[in-house]
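Chemist: Handing over protein.txt, compact mmCIF, C-alpha atoms.
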```txt
# COMPACT_ATOMS: atom_id res chain seq x y z
CA MET W 20 29.90 55.37 48.62
CA ASN W 21 32.90 55.00 46.39
CA ILE W 22 33.90 58.59 46.92
CA ARG W 23 33.61 58.17 50.70
CA LEU W 24 35.88 55.15 50.53
CA HIS W 25 38.41 57.05 48.48
CA ILE W 26 38.39 59.93 50.93
CA SER W 27 38.83 57.67 53.92
CA VAL W 28 41.73 55.83 52.20
CA LEU W 29 43.29 59.18 51.31
CA VAL W 30 42.96 60.50 54.88
CA THR W 31 44.44 57.29 56.30
CA ALA W 32 47.32 57.43 53.86
CA LEU W 33 47.99 61.09 54.63
CA THR W 34 47.89 60.45 58.36
CA ALA W 35 50.26 57.53 58.02
CA ALA W 36 52.61 59.64 55.86
CA LEU W 37 52.58 62.47 58.38
CA PHE W 38 53.20 60.04 61.20
CA LEU W 39 56.14 58.51 59.37
CA MET W 40 57.58 61.93 58.55
CA GLU W 41 57.42 62.96 62.20
CA SER W 42 59.14 59.86 63.48
CA PRO W 43 61.62 58.55 60.97
CA LEU W 44 63.81 55.63 61.80
CA PRO W 45 66.82 57.10 63.58
CA SER W 46 69.74 57.73 61.28
CA HIS W 47 73.35 57.73 62.51
CA ASP W 48 73.35 61.52 62.51
CA THR W 49 70.28 61.80 64.69
CA VAL W 50 71.55 59.20 67.09
CA SER W 51 74.96 60.84 67.45
CA ALA W 52 73.43 64.32 67.78
CA ARG W 53 71.14 63.02 70.48
CA ALA W 54 74.00 61.23 72.20
CA VAL W 55 76.12 64.41 72.13
CA ALA W 56 73.21 66.47 73.44
CA TYR W 57 72.63 63.92 76.18
CA ALA W 58 76.30 63.71 77.11
CA GLN W 59 76.55 67.48 77.13
CA ASP W 60 73.41 67.79 79.15
CA SER W 61 74.65 65.21 81.58
CA TRP W 62 78.07 66.85 82.20
CA GLN W 63 76.36 70.21 82.51
CA LYS W 64 73.94 68.86 85.09
CA GLU W 65 76.74 67.35 87.12
CA PHE W 66 78.79 70.56 86.80
CA ASP W 67 75.85 72.67 87.93
CA ASP W 68 75.23 70.39 90.86
CA ILE W 69 78.85 70.49 92.03
CA CYS W 70 79.56 74.14 91.38
CA SER W 71 76.29 75.59 92.62
CA LYS W 72 77.67 75.10 96.11
CA THR W 73 80.72 77.34 95.95
CA GLN W 74 78.90 80.05 97.90
CA ASP W 75 78.65 77.65 100.82
CA ALA W 76 82.18 76.29 100.58
CA MET W 77 83.04 77.53 104.07
CA LEU W 78 80.10 75.66 105.57
CA PHE W 79 81.23 72.22 104.38
CA ASN W 80 83.39 69.95 106.46
CA VAL W 81 86.62 68.47 105.12
CA GLU W 82 84.98 65.20 104.08
CA GLU W 83 82.24 66.96 102.12
CA LEU W 84 84.84 69.14 100.42
CA ARG W 85 86.89 66.05 99.52
CA ASN W 86 83.80 64.52 97.98
CA LEU W 87 83.12 67.64 95.89
CA ILE W 88 86.75 67.72 94.72
CA ALA W 89 86.56 64.05 93.75
CA ARG W 90 83.41 64.77 91.73
CA CYS W 91 85.22 67.63 89.97
CA ASP W 92 88.08 65.26 89.11
CA ALA W 93 85.65 62.65 87.83
CA LEU W 94 83.98 65.23 85.61
CA LYS W 95 87.21 66.41 84.01
CA PRO W 96 87.63 63.54 81.51
CA ARG W 97 84.06 64.07 80.31
CA ILE W 98 84.77 67.76 79.72
CA GLU W 99 87.96 66.90 77.88
CA LYS W 100 85.88 65.15 75.24
CA LEU W 101 84.00 68.34 74.35
CA GLU W 102 84.68 70.42 71.26
CA ALA W 103 87.77 72.67 71.67
CA SER W 104 86.14 76.03 72.44
CA GLU W 105 83.55 74.64 74.76
CA ARG W 106 86.19 72.51 76.43
CA LYS W 107 88.31 75.61 77.05
CA VAL W 108 85.51 77.45 78.83
CA ALA W 109 84.25 74.43 80.75
CA THR W 110 87.75 73.46 81.87
CA LYS W 111 88.37 76.96 83.20
CA LYS W 112 85.03 77.03 85.02
CA LEU W 113 85.60 73.61 86.52
CA SER W 114 89.09 74.51 87.66
CA VAL W 115 87.88 77.73 89.32
CA CYS W 116 85.27 75.73 91.20
CA ARG W 117 87.59 72.86 92.12
CA ASP W 118 90.37 75.20 93.23
CA LEU W 119 88.05 76.98 95.60
CA TYR W 120 86.96 73.73 97.25
CA GLU W 121 90.60 72.65 97.49
CA PHE W 122 91.53 76.01 98.98
CA VAL W 123 88.84 75.81 101.63
CA ARG W 124 89.71 72.18 102.40
CA GLU W 125 93.37 73.07 102.94
CA ALA W 126 92.42 76.04 105.10
CA LYS W 127 90.19 73.84 107.24
CA GLU W 128 92.77 71.08 107.56
CA LYS W 129 95.47 73.53 108.63
CA LYS W 130 93.30 74.98 111.36
CA MET I 25 113.03 102.50 137.49
CA ASN I 26 109.56 103.98 137.37
CA SER I 27 110.83 107.52 137.16
CA CYS I 28 112.92 106.52 134.12
CA ALA I 29 110.14 104.60 132.39
CA LYS I 30 107.67 107.47 132.32
CA PRO I 31 109.70 109.96 130.27
CA ARG I 32 110.74 107.13 127.94
CA LYS I 33 107.12 106.18 127.41
CA ARG I 34 106.29 109.80 126.72
CA SER I 35 109.17 110.17 124.28
CA ASP I 36 108.08 106.97 122.51
CA ALA I 37 104.59 108.31 122.18
CA MET I 38 105.93 111.60 120.90
CA ARG I 39 108.19 109.82 118.41
CA ARG I 40 105.23 107.79 117.16
CA SER I 41 103.11 110.87 116.86
CA VAL I 42 105.83 112.73 114.93
CA LEU I 43 106.37 109.70 112.70
CA TYR I 44 102.64 109.44 112.15
CA TRP I 45 102.32 113.03 110.99
CA ILE I 46 105.48 112.92 108.89
CA GLY I 47 104.27 109.71 107.31
CA ALA I 48 100.81 111.08 106.70
CA LEU I 49 102.31 114.22 105.14
CA CYS I 50 104.66 112.17 102.92
CA LEU I 51 101.83 109.92 101.87
CA CYS I 52 99.58 112.85 101.01
CA LEU I 53 102.37 114.49 99.04
CA SER I 54 103.31 111.31 97.25
CA LEU I 55 99.73 110.45 96.42
CA THR I 56 99.00 113.95 95.21
CA ALA I 57 102.17 113.87 93.17
CA GLY I 58 101.34 110.34 92.10
CA ALA I 59 97.83 111.25 91.11
CA GLU I 60 99.10 114.16 89.07
CA GLY I 61 102.30 112.54 87.87
CA LYS I 62 100.95 109.11 87.09
CA ASN I 63 97.72 110.69 85.92
CA LEU I 64 94.82 108.37 86.21
CA PRO I 65 93.24 107.99 82.81
CA PRO I 66 90.15 110.12 82.21
CA PRO I 67 87.08 108.53 83.83
CA GLN I 68 85.70 107.23 80.53
CA ASP I 69 88.97 105.38 79.91
CA TYR I 70 89.49 104.06 83.45
CA GLY I 71 89.19 100.29 83.46
CA VAL I 72 89.14 100.03 79.70
CA THR I 73 90.61 96.72 78.53
CA ILE I 74 92.09 96.44 75.10
CA MET I 75 91.60 92.94 73.74
CA GLY I 76 94.22 92.03 71.20
CA ALA I 77 97.95 91.78 71.71
CA PRO I 78 100.01 94.71 70.40
CA GLY I 79 101.58 93.93 67.04
CA GLU I 80 99.14 91.10 66.42
CA GLN I 81 98.05 90.88 62.78
CA ARG I 82 94.33 91.39 62.50
CA VAL I 83 91.64 92.24 60.00
CA LEU I 84 89.75 94.49 62.41
CA PRO I 85 91.02 96.95 65.03
CA ALA I 86 91.48 95.62 68.57
CA VAL I 87 88.47 95.49 70.87
CA ARG I 88 87.86 98.22 73.42
CA PHE I 89 86.03 96.73 76.39
CA ASP I 90 84.45 99.28 78.71
CA HIS I 91 84.39 97.86 82.20
CA TRP I 92 82.35 100.86 83.42
CA LEU I 93 79.44 100.00 81.16
CA HIS I 94 79.34 96.28 81.81
CA ARG I 95 79.82 96.54 85.55
CA ALA I 96 76.80 98.80 85.76
CA PHE I 97 74.67 95.88 84.59
CA TYR I 98 76.50 92.73 85.66
CA THR I 99 78.63 91.56 88.57
CA CYS I 100 82.34 90.80 88.15
CA ARG I 101 81.61 87.17 89.04
CA LEU I 102 79.22 86.71 86.17
CA CYS I 103 81.90 87.33 83.54
CA HIS I 104 84.98 86.15 85.38
CA VAL I 105 83.48 82.93 86.74
CA ASP I 106 80.35 81.99 84.81
CA LEU I 107 81.66 83.04 81.40
CA GLY I 108 85.27 82.11 82.13
CA PHE I 109 86.95 85.43 81.33
CA ALA I 110 90.50 85.61 82.69
CA MET I 111 91.50 88.32 85.16
CA THR I 112 94.49 89.39 83.13
CA ARG I 113 94.59 91.37 79.92
CA ASN I 114 94.58 89.10 76.87
CA GLY I 115 94.54 86.11 79.18
CA THR I 116 91.31 84.75 77.73
CA GLY I 117 92.01 84.46 74.03
CA VAL I 118 88.53 85.17 72.75
CA LYS I 119 88.04 84.31 69.10
CA ALA I 120 85.18 85.14 66.76
CA ASP I 121 84.11 81.52 66.36
CA MET I 122 83.86 81.19 70.14
CA ASN I 123 81.52 84.19 70.27
CA ALA I 124 79.51 82.68 67.48
CA GLN I 125 79.10 79.52 69.57
CA GLY I 126 77.63 81.56 72.39
CA LEU I 127 80.77 81.56 74.51
CA TYR I 128 82.50 84.58 76.13
CA CYS I 129 81.07 87.83 74.66
CA GLY I 130 78.69 85.76 72.56
CA ALA I 131 76.94 84.49 75.68
CA CYS I 132 75.13 87.83 75.89
CA HIS I 133 75.92 89.38 72.53
CA ASP I 134 73.95 86.93 70.43
CA GLY I 135 71.41 89.29 68.89
CA GLN I 136 68.62 87.57 70.81
CA ARG I 137 69.18 88.04 74.49
CA VAL I 138 67.27 91.06 75.68
CA HIS I 139 68.57 93.76 78.00
CA GLY I 140 65.98 96.28 79.09
CA ASN I 141 63.68 96.33 76.10
CA ARG I 142 66.34 95.86 73.46
CA ALA I 143 68.07 92.83 71.99
CA ILE I 144 71.79 92.85 72.74
CA PHE I 145 73.65 93.18 69.47
CA ALA I 146 75.40 90.08 68.19
CA ALA I 147 79.15 89.73 68.59
CA CYS I 148 81.51 88.61 65.85
CA ARG I 149 80.65 85.89 63.41
CA THR I 150 83.36 83.95 61.65
CA SER I 151 82.74 85.60 58.29
CA ILE I 152 82.74 89.37 58.06
CA ARG I 153 80.52 90.94 55.45
CA PRO I 154 81.71 94.40 54.34
CA GLU I 155 78.27 95.88 55.03
CA ALA I 156 78.48 94.60 58.59
CA ALA I 157 81.79 96.32 59.31
CA ALA I 158 80.07 99.18 61.13
CA GLU I 159 78.51 96.60 63.45
CA CYS I 160 81.96 95.11 64.12
CA ASN I 161 83.30 98.54 65.00
CA ARG I 162 81.01 98.77 67.98
CA CYS I 163 83.61 96.66 69.78
CA HIS I 164 86.55 96.62 67.39
CA SER I 165 87.04 100.32 67.87
CA VAL I 166 90.60 100.95 69.03
CA GLY I 167 92.04 103.83 67.04
CA ILE I 168 88.93 104.66 65.11
CA PRO I 169 86.29 107.27 65.93
CA VAL I 170 83.08 105.47 66.86
CA LYS I 171 79.84 106.94 68.10
CA ARG I 172 78.85 104.80 71.03
CA MET I 173 75.35 103.90 72.09
CA TYR I 174 76.24 104.57 75.73
CA ASP I 175 78.14 107.78 76.24
CA TYR I 176 80.11 107.83 79.50
CA ASP I 177 79.21 111.38 80.52
CA SER I 178 75.50 111.04 80.03
CA PHE I 179 75.43 107.50 81.44
CA THR I 180 77.20 108.48 84.65
CA ARG I 181 75.86 112.02 85.08
CA LYS I 182 73.59 111.16 88.00
CA LEU I 183 75.79 108.50 89.58
CA PRO I 184 77.68 109.30 92.79
CA LYS I 185 81.36 110.07 92.27
CA GLN I 186 84.57 109.53 94.22
CA LYS I 187 87.12 112.25 94.94
CA THR I 188 88.94 111.25 91.77
CA GLY I 189 85.84 111.89 89.68
CA LEU I 190 85.34 108.20 88.98
CA VAL I 191 81.97 106.64 89.67
CA ASP I 192 81.50 105.33 93.20
CA TRP I 193 79.91 102.04 92.16
CA GLU I 194 79.33 100.88 95.69
CA LYS I 195 77.30 103.97 96.50
CA ALA I 196 75.61 103.78 93.13
CA GLU I 197 74.31 100.35 94.08
CA GLU I 198 73.40 101.40 97.61
CA GLN I 199 71.43 104.35 96.26
CA GLY I 200 69.64 102.17 93.73
CA PHE I 201 71.17 103.63 90.57
CA ILE I 202 72.50 100.27 89.48
CA ARG I 203 71.47 96.69 90.16
CA PRO I 204 74.18 94.45 88.69
CA SER I 205 72.79 91.08 87.70
CA ASP I 206 74.59 87.99 88.96
CA ILE I 207 72.77 85.46 86.81
CA LEU I 208 72.76 84.86 83.09
CA ARG I 209 69.90 82.55 82.26
CA GLY I 210 71.05 79.37 80.55
CA VAL I 211 74.67 80.02 81.43
CA SER I 212 75.02 80.69 85.15
CA VAL I 213 74.80 78.02 87.77
CA VAL I 214 71.85 78.91 89.95
CA ARG I 215 73.20 79.44 93.43
CA PRO I 216 71.55 80.13 96.73
CA ARG I 217 72.16 83.59 98.14
CA MET I 218 75.55 83.79 99.77
CA ILE I 219 76.02 84.08 103.49
CA PRO I 220 78.91 86.53 103.70
CA GLN I 221 81.96 85.78 105.82
CA GLY I 222 82.80 88.27 108.55
CA ASP I 223 84.91 91.36 108.01
CA PHE I 224 88.48 91.29 109.26
CA ILE I 225 91.36 93.60 109.97
CA ILE I 226 94.49 93.74 107.88
CA ASN I 227 97.22 95.38 109.91
CA SER I 228 99.20 98.12 108.30
CA ARG I 229 102.95 97.96 108.96
CA GLY I 230 103.39 101.68 108.51
CA LEU I 231 103.34 103.49 111.84
CA TRP I 232 101.50 106.33 110.26
CA MET I 233 98.88 104.43 108.35
CA THR I 234 95.61 103.19 109.78
CA ASP I 235 94.62 99.54 109.48
CA ILE I 236 92.34 98.14 106.85
CA ILE I 237 88.95 96.70 107.57
CA PHE I 238 88.33 94.28 104.79
CA SER I 239 84.65 93.86 104.02
CA HIS I 240 83.93 90.36 102.81
CA LYS I 241 80.36 91.35 102.08
CA LYS I 242 81.27 94.19 99.75
CA HIS I 243 83.67 92.00 97.85
CA ALA I 244 81.72 88.76 97.84
CA ASP I 245 78.48 90.31 96.59
CA TRP I 246 80.11 91.19 93.30
CA ASN I 247 82.86 88.59 93.12
CA GLY I 248 81.69 85.47 94.90
CA CYS I 249 84.56 83.54 96.48
CA GLU I 250 86.15 82.19 93.31
CA VAL I 251 87.37 85.45 91.81
CA CYS I 252 89.81 86.01 94.71
CA HIS I 253 90.45 82.55 96.14
CA PRO I 254 92.82 80.91 95.62
CA ASP I 255 94.32 82.63 92.57
CA ILE I 256 94.76 86.14 93.99
CA PHE I 257 94.78 85.35 97.70
CA PRO I 258 96.08 81.82 98.12
CA SER I 259 95.69 81.64 101.87
CA VAL I 260 93.35 82.81 104.59
CA LYS I 261 95.64 81.93 107.46
CA LYS I 262 96.88 84.93 109.42
CA GLY I 263 100.31 86.09 108.38
CA THR I 264 100.85 83.56 105.59
CA VAL I 265 100.30 86.02 102.77
CA ARG I 266 102.29 89.22 103.11
CA TYR I 267 102.14 91.97 100.62
CA SER I 268 103.04 95.60 100.41
CA MET I 269 101.65 98.65 98.71
CA PHE I 270 104.48 98.32 96.18
CA GLN I 271 103.21 94.91 95.12
CA ILE I 272 99.66 96.20 95.06
CA ALA I 273 100.72 99.14 92.90
CA GLU I 274 102.36 96.64 90.54
CA GLY I 275 99.04 94.87 90.11
CA GLU I 276 99.38 92.04 92.59
CA TYR I 277 96.85 91.10 95.27
CA CYS I 278 94.32 93.95 95.77
CA GLY I 279 96.06 95.75 92.90
CA LEU I 280 94.79 93.27 90.36
CA CYS I 281 91.46 95.10 90.49
CA HIS I 282 92.15 98.29 92.44
CA ASP I 283 93.90 100.94 90.38
CA ARG I 284 92.82 99.16 87.22
CA VAL I 285 89.08 98.62 87.31
CA ALA I 286 87.96 99.03 90.91
CA PHE I 287 88.62 102.33 92.69
CA PRO I 288 92.23 103.56 92.50
CA LEU I 289 94.88 103.41 95.22
CA VAL I 290 94.82 107.17 95.76
CA GLU I 291 91.50 106.66 97.53
CA CYS I 292 93.46 105.47 100.62
CA GLN I 293 90.69 105.94 103.11
CA LYS I 294 88.31 103.65 101.32
CA CYS I 295 90.46 100.76 102.60
CA HIS I 296 92.46 102.25 105.48
CA VAL I 297 89.38 103.01 107.49
CA LYS I 298 90.23 101.94 111.01
CA SER I 299 90.57 105.21 112.87
CA THR I 300 93.41 104.47 115.29
CA PRO I 301 96.84 103.56 113.97
CA HIS I 302 98.45 100.48 115.48
CA PRO I 303 102.12 101.38 115.56
CA GLY I 304 104.55 98.52 115.48
CA LYS I 305 102.17 95.65 116.14
CA GLY I 306 100.90 94.94 112.67
CA VAL I 307 102.26 92.69 110.01
CA GLU I 308 101.92 94.22 106.61
CA GLY I 309 99.25 92.57 104.58
CA ALA I 310 98.66 89.93 107.20
CA ALA I 311 95.02 89.30 107.79
CA SER I 312 93.75 88.80 111.30
CA ARG I 313 90.25 87.71 112.03
CA PRO I 314 88.52 89.46 114.91
```
Let's see the structure in the file written out as structure tokens.
Modeler:
Amino acid sequence: MNIRLHISVLVTALTAALFLMESPLPSHDTVSARAVAYAQDSWQKEFDDICSKTQDAMLFNVEELRNLIARCDALKPRIEKLEASERKVATKKLSVCRDLYEFVREAKEKK
Amino acid sequence: MNSCAKPRKRSDAMRRSVLYWIGALCLCLSLTAGAEGKNLPPPQDYGVTIMGAPGEQRVLPAVRFDHWLHRAFYTCRLCHVDLGFAMTRNGTGVKADMNAQGLYCGACHDGQRVHGNRAIFAACRTSIRPEAAAECNRCHSVGIPVKRMYDYDSFTRKLPKQKTGLVDWEKAEEQGFIRPSDILRGVSVVRPRMIPQGDFIINSRGLWMTDIIFSHKKHADWNGCEVCHPDIFPSVKKGTVRYSMFQIAEGEYCGLCHDRVAFPLVECQKCHVKSTPHPGKGVEGAASRP
């Protein structure tokens, strides 16, 4: 009986320890890493959503193009907060995408 | 009046015809001379980009980038839009730490991404171990003899060739020898398939030269829209962008790719395809939509 009790206490303790190891209280590092990952993920999602439409740029009307350009401009400050190398690539990609929308908008307005 | 107009018309036609043939002859001679004088680089060196400014102090030799090898597997758009590579030599400024972060070359060359049934070798890391120098020399190979995994001659043996002996990549794709990928998982934005814009005519100013039929489809399949617009061609409105063969030969407009990576300018008839010349009515380099 005693042995059974010991075993059950041991198992409970081990389970609790494992549980605590898996989910520690969030440290500053974890929080900031998660925040960075989230921020990165969120700019990337917005970028993908805006720039996945470049193939159809000619199909949009001027208003839709203006909206896409405005979204590009709104995304820029978020990209500027990225680490230098990543910022360099993302800025270039965003500018290529924005410039195309701007180009098509101008072409449509001049028509 | 009528009796005067007829001979004049005939003499005009004759003058045009003479000019056409003289022009064609001059062009053939100049291109032949050009091809021999200027000497296109040997096919294995055509389109090679040297990464690293001359005179720059470096630990390793400059990088030799073979466009012919990469274009066989990937579209131009993938690298020049999705990975952010510039269109001009040394315009990107790739550094080892960027590769190590999975940017630029490191997006594919990470030692993990698989091509065919093989992992793509990893690009530079920030620290270079002496025993890894041979690995570095796979790319950092300017001026040193390196045995390459892909040898140009054996790689291109079965591929269709142009008159110049260079690979005809367009035919190679049509005939199923290559299938350049336009997507890099985890990097590329997933796009719907593009609906190509219509082809259009670019009038040739030369009386003796046929007009160009520009195929949007051919160009957009590999480049998307962003590679050309607006940086290389800043307008689509008829007559607003004018350019000459001189500018193209200097690397502007079409010449940014053609004569450097895409087929060379001596392959006139690959662009000047419209069979009847349009003497006098064209504006050089001015696009007109049908």
Chemist: Interatomic distance between CA of Gly248 in chain I and CA of Ala110 in chain I?
Modeler: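 Rounded to one decimal, the two atoms are 15.1 Å apart.
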Chemist: For chain W, which of I:Gly140, I:Gly167, I:Gly189, I:Pro220 is the closest residue, counting all atoms listed in the file?
Modeler: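 Of the candidates, the smallest distance to chain W is held by I:Pro220.
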Chemist: Pull out every residue of chain I sitting within 10 Å of chain W, counting all atoms listed in the file, and send them as a PyMOL selection string.
Modeler: chain I and resi 104-110+116+118-119+121-123+125-128+211-221+244+248-255+257-261
Chemist: Just the number, please: distance in Å from CA of Leu102 in chain I to CA of Arg88 in chain I, one decimal.
Modeler: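 Separating CA of Leu102 in chain I from CA of Arg88 in chain I is a distance of 19.2 Å.
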Chemist: State, in Å with one decimal place, the distance from CA of Arg82 in chain I to CA of Glu159 in chain I.
Modeler: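 Separation of CA of Arg82 in chain I and CA of Glu159 in chain I: 16.7 Å.
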Chemist: As a PDB file with C-alpha atoms, in the coordinates of the input, please: the residues near Val285 in chain I (cut-off 12 Å, all atoms listed in the file, same-chain neighbours under 2 positions excluded).
Modeler:
```pdb
ATOM      1  CA  LEU I  64      94.820 108.370  86.210  1.00  0.00           C
ATOM      2  CA  PRO I  65      93.240 107.990  82.810  1.00  0.00           C
ATOM      3  CA  PRO I  67      87.080 108.530  83.830  1.00  0.00           C
ATOM      4  CA  GLN I  68      85.700 107.230  80.530  1.00  0.00           C
ATOM      5  CA  ASP I  69      88.970 105.380  79.910  1.00  0.00           C
ATOM      6  CA  TYR I  70      89.490 104.060  83.450  1.00  0.00           C
ATOM      7  CA  GLY I  71      89.190 100.290  83.460  1.00  0.00           C
ATOM      8  CA  VAL I  72      89.140 100.030  79.700  1.00  0.00           C
ATOM      9  CA  THR I  73      90.610  96.720  78.530  1.00  0.00           C
ATOM     10  CA  PHE I  89      86.030  96.730  76.390  1.00  0.00           C
ATOM     11  CA  ASP I  90      84.450  99.280  78.710  1.00  0.00           C
ATOM     12  CA  HIS I  91      84.390  97.860  82.200  1.00  0.00           C
ATOM     13  CA  TRP I  92      82.350 100.860  83.420  1.00  0.00           C
ATOM     14  CA  LEU I  93      79.440 100.000  81.160  1.00  0.00           C
ATOM     15  CA  HIS I  94      79.340  96.280  81.810  1.00  0.00           C
ATOM     16  CA  ARG I  95      79.820  96.540  85.550  1.00  0.00           C
ATOM     17  CA  CYS I 100      82.340  90.800  88.150  1.00  0.00           C
ATOM     18  CA  MET I 111      91.500  88.320  85.160  1.00  0.00           C
ATOM     19  CA  THR I 112      94.490  89.390  83.130  1.00  0.00           C
ATOM     20  CA  ARG I 113      94.590  91.370  79.920  1.00  0.00           C
ATOM     21  CA  LEU I 190      85.340 108.200  88.980  1.00  0.00           C
ATOM     22  CA  VAL I 191      81.970 106.640  89.670  1.00  0.00           C
ATOM     23  CA  ASP I 192      81.500 105.330  93.200  1.00  0.00           C
ATOM     24  CA  TRP I 193      79.910 102.040  92.160  1.00  0.00           C
ATOM     25  CA  GLY I 275      99.040  94.870  90.110  1.00  0.00           C
ATOM     26  CA  CYS I 278      94.320  93.950  95.770  1.00  0.00           C
ATOM     27  CA  GLY I 279      96.060  95.750  92.900  1.00  0.00           C
ATOM     28  CA  LEU I 280      94.790  93.270  90.360  1.00  0.00           C
ATOM     29  CA  CYS I 281      91.460  95.100  90.490  1.00  0.00           C
ATOM     30  CA  HIS I 282      92.150  98.290  92.440  1.00  0.00           C
ATOM     31  CA  ASP I 283      93.900 100.940  90.380  1.00  0.00           C
ATOM     32  CA  PHE I 287      88.620 102.330  92.690  1.00  0.00           C
ATOM     33  CA  PRO I 288      92.230 103.560  92.500  1.00  0.00           C
ATOM     34  CA  LEU I 289      94.880 103.410  95.220  1.00  0.00           C
TER      35      LEU I 289
END
```
